[in-house]
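Asker: Quick one: structure below, then a few questions.
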Amino acid sequence: MHPTFLDVRRGQQLQILGAGILRYGVTFLLLLFGTFKFFRFEAEAIQPLLTHSPFLAWLPATLGVRGSSALIGVVELTAGLGIALGPWWPRLGAIAGLIATGTFLTTLSFLVTTPGVLAPGSDAGGFLLKDLVLLGAAVHAAGTSLLAASA
């Protein structure tokens, strides 16, 4: 006989709860960090990441440090809002989840492209590693929205 806390219904409830935490956790962080991108402290903090990136090095040269940061902020805010609205507008949620997926893949690439980011004592490496979990949350949000959109 199985203990009652190991039944299928309880597992489904935990799965639904976990999916909600993933969706709104990634939403909160995208909105928080997206908002930070409009402030000087964040623009200056991400400048070394951008200048060493083969994908984004052109941004500061084109838009300046603050403009580059603001553009990234707009992308993050858009992705966060779209993921949050995904349960009501699943196509929007799917697109936003894919935008967030691209965002987190890009930030994870900084682990390879930025010199010293993984060196002992570097705060940036640990900060960027959280994006691995956020990448999973973004992929999950995109997938659940795609399923909902096709239903």
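Simple scheme: letters A, B, ... for chains in structure tokens order, numbers from 1 for residues in each chain, numbers from 1 for ligands in the order shown.
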Taking 6 positions as the minimum chain separation for residues in the same chain, which residues sit within 9 Å of Arg40 (chain A) when counting only C-alpha atoms? Answer as a tab-separated table (two decimals) with C-alpha atoms, in the first residue's frame.
Answerer:
```tsv
chain	number	residue	atom	x	y	z
A	65	VAL	CA	26.69	51.48	-23.35
A	66	ARG	CA	23.43	52.94	-21.98
A	69	SER	CA	21.63	48.18	-21.95
```
Asker: Please identify all polymer residues within 9 Å of Leu134 (chain A), counting only C-alpha atoms, omitting same-chain residues fewer than 2 positions from it, and present them as an MDAnalysis selection string.
Answerer: chainID A and resid 22 25:26 29 100:101 104 130:132 136:139
Asker: Hey, what's within 9 Å of Phe38 (chain A) if we count only C-alpha atoms and toss same-chain stuff fewer than 2 positions away? As a list in words, please?
Answerer: Gly34, Thr35, Phe36, Arg40, Phe41, Glu42, Ala43, Arg66, Gly67, Ser69, Ala70, Leu71, Gly73 and Val74 of chain A
Asker: Give me a file of those residues, with C-alpha atoms, as a tab-separated table (two decimals), in the first residue's frame.
Answerer:
```tsv
chain	number	residue	atom	x	y	z
A	34	GLY	CA	15.04	44.18	-17.48
A	35	THR	CA	14.18	47.23	-15.37
A	36	PHE	CA	17.75	47.38	-14.02
A	40	ARG	CA	23.72	53.37	-15.20
A	41	PHE	CA	24.98	50.82	-12.63
A	42	GLU	CA	23.64	47.91	-14.69
A	43	ALA	CA	24.78	49.35	-18.02
A	66	ARG	CA	23.43	52.94	-21.98
A	67	GLY	CA	21.57	52.45	-25.27
A	69	SER	CA	21.63	48.18	-21.95
A	70	ALA	CA	18.24	49.80	-22.57
A	71	LEU	CA	17.67	47.69	-25.69
A	73	GLY	CA	16.08	45.79	-21.04
A	74	VAL	CA	13.26	46.18	-23.55
```
Asker: Figure out the distance between CA of Trp58 (chain A) and CA of Ala96 (chain A), please, to one decimal in Å.
Answerer: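 Atom-to-atom, CA of Ala96 (chain A) to CA of Trp58 (chain A), that is 23.9 Å.
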Asker: List as number ranges by chain the protein and nucleic acid residues near Leu98 (chain A), meaning an atom at most 10 Å away when only C-alpha atoms are counted, but skip any in the same chain fewer than 3 places from it.
Answerer: A: 79, 83, 92-95, 101-104, 135, 138-143
Asker: Just the selected residues (N, CA and C atoms), exported as a tab-separated table (two decimals), in the first residue's frame, please.
Answerer:
```
chain	number	residue	atom	x	y	z
A	79	ALA	N	9.88	39.88	-22.97
A	79	ALA	CA	9.83	38.44	-22.72
A	79	ALA	C	9.11	38.15	-21.40
A	83	ILE	N	5.64	36.03	-21.17
A	83	ILE	CA	5.57	34.76	-20.43
A	83	ILE	C	4.47	34.84	-19.37
A	92	LEU	N	1.45	34.31	-27.65
A	92	LEU	CA	2.34	35.33	-27.10
A	92	LEU	C	3.31	34.69	-26.11
A	93	GLY	N	2.80	33.81	-25.25
A	93	GLY	CA	3.63	33.11	-24.28
A	93	GLY	C	4.71	32.28	-24.94
A	94	ALA	N	4.36	31.63	-26.05
A	94	ALA	CA	5.34	30.80	-26.76
A	94	ALA	C	6.44	31.67	-27.37
A	95	ILE	N	6.05	32.77	-28.00
A	95	ILE	CA	7.05	33.68	-28.59
A	95	ILE	C	7.93	34.26	-27.50
A	101	THR	N	14.46	32.29	-24.06
A	101	THR	CA	15.42	31.22	-24.31
A	101	THR	C	16.66	31.77	-25.01
A	102	GLY	N	16.44	32.58	-26.04
A	102	GLY	CA	17.56	33.20	-26.74
A	102	GLY	C	18.36	34.13	-25.84
A	103	THR	N	17.66	34.85	-24.98
A	103	THR	CA	18.33	35.74	-24.03
A	103	THR	C	19.25	34.96	-23.10
A	104	PHE	N	18.73	33.86	-22.53
A	104	PHE	CA	19.54	33.09	-21.58
A	104	PHE	C	20.66	32.32	-22.27
A	135	LEU	N	17.08	29.33	-18.12
A	135	LEU	CA	16.94	28.79	-19.48
A	135	LEU	C	15.92	27.65	-19.46
A	138	ALA	N	12.47	29.10	-19.13
A	138	ALA	CA	12.02	29.73	-20.37
A	138	ALA	C	11.60	28.68	-21.40
A	139	VAL	N	12.37	27.63	-21.52
A	139	VAL	CA	12.02	26.54	-22.45
A	139	VAL	C	10.71	25.89	-22.01
A	140	HIS	N	10.55	25.68	-20.71
A	140	HIS	CA	9.30	25.10	-20.19
A	140	HIS	C	8.12	26.01	-20.49
A	141	ALA	N	8.27	27.29	-20.26
A	141	ALA	CA	7.19	28.24	-20.54
A	141	ALA	C	6.83	28.25	-22.02
A	142	ALA	N	7.85	28.23	-22.88
A	142	ALA	CA	7.60	28.20	-24.32
A	142	ALA	C	6.86	26.92	-24.71
A	143	GLY	N	7.32	25.80	-24.16
A	143	GLY	CA	6.69	24.51	-24.49
A	143	GLY	C	5.26	24.40	-24.02
```
Asker: What is the distance between CA of Pro90 (chain A) and CA of Ser145 (chain A), in Å to one decimal?
Answerer: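 Taking CA of Pro90 (chain A) as the start and CA of Ser145 (chain A) as the end point, the length is 4.6 Å.
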Asker: Please, what distance in Å, to one decimal, runs between CA of Leu77 (chain A) and CA of Leu31 (chain A)?
Answerer: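 Going from CA of Leu77 (chain A) over to CA of Leu31 (chain A) covers 5.1 Å.
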Asker: List every residue of region 49-131 of chain A that DSSP, applied to the backbone, labels as alpha helix (DSSP H), and write the result as a ChimeraX atom specification.
Answerer: /A:49-52,58-85,90-113,123-131
Asker: Write out as number ranges by chain each polymer residue whose atoms come within 12 Å of region 107-115 of chain A, counting only C-alpha atoms; drop sequence neighbours fewer than 3 positions from it.
Answerer: A: 46-57, 72, 76, 100-104, 118-119, 122-135
Asker: Which residue gives the smallest distance to Ile21 (chain A) among A:Ala84, A:Leu6, A:Leu63, A:Val75, with only C-alpha atoms counted?
Answerer: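 Smallest distance to Ile21 (chain A) is found for A:Ala84.
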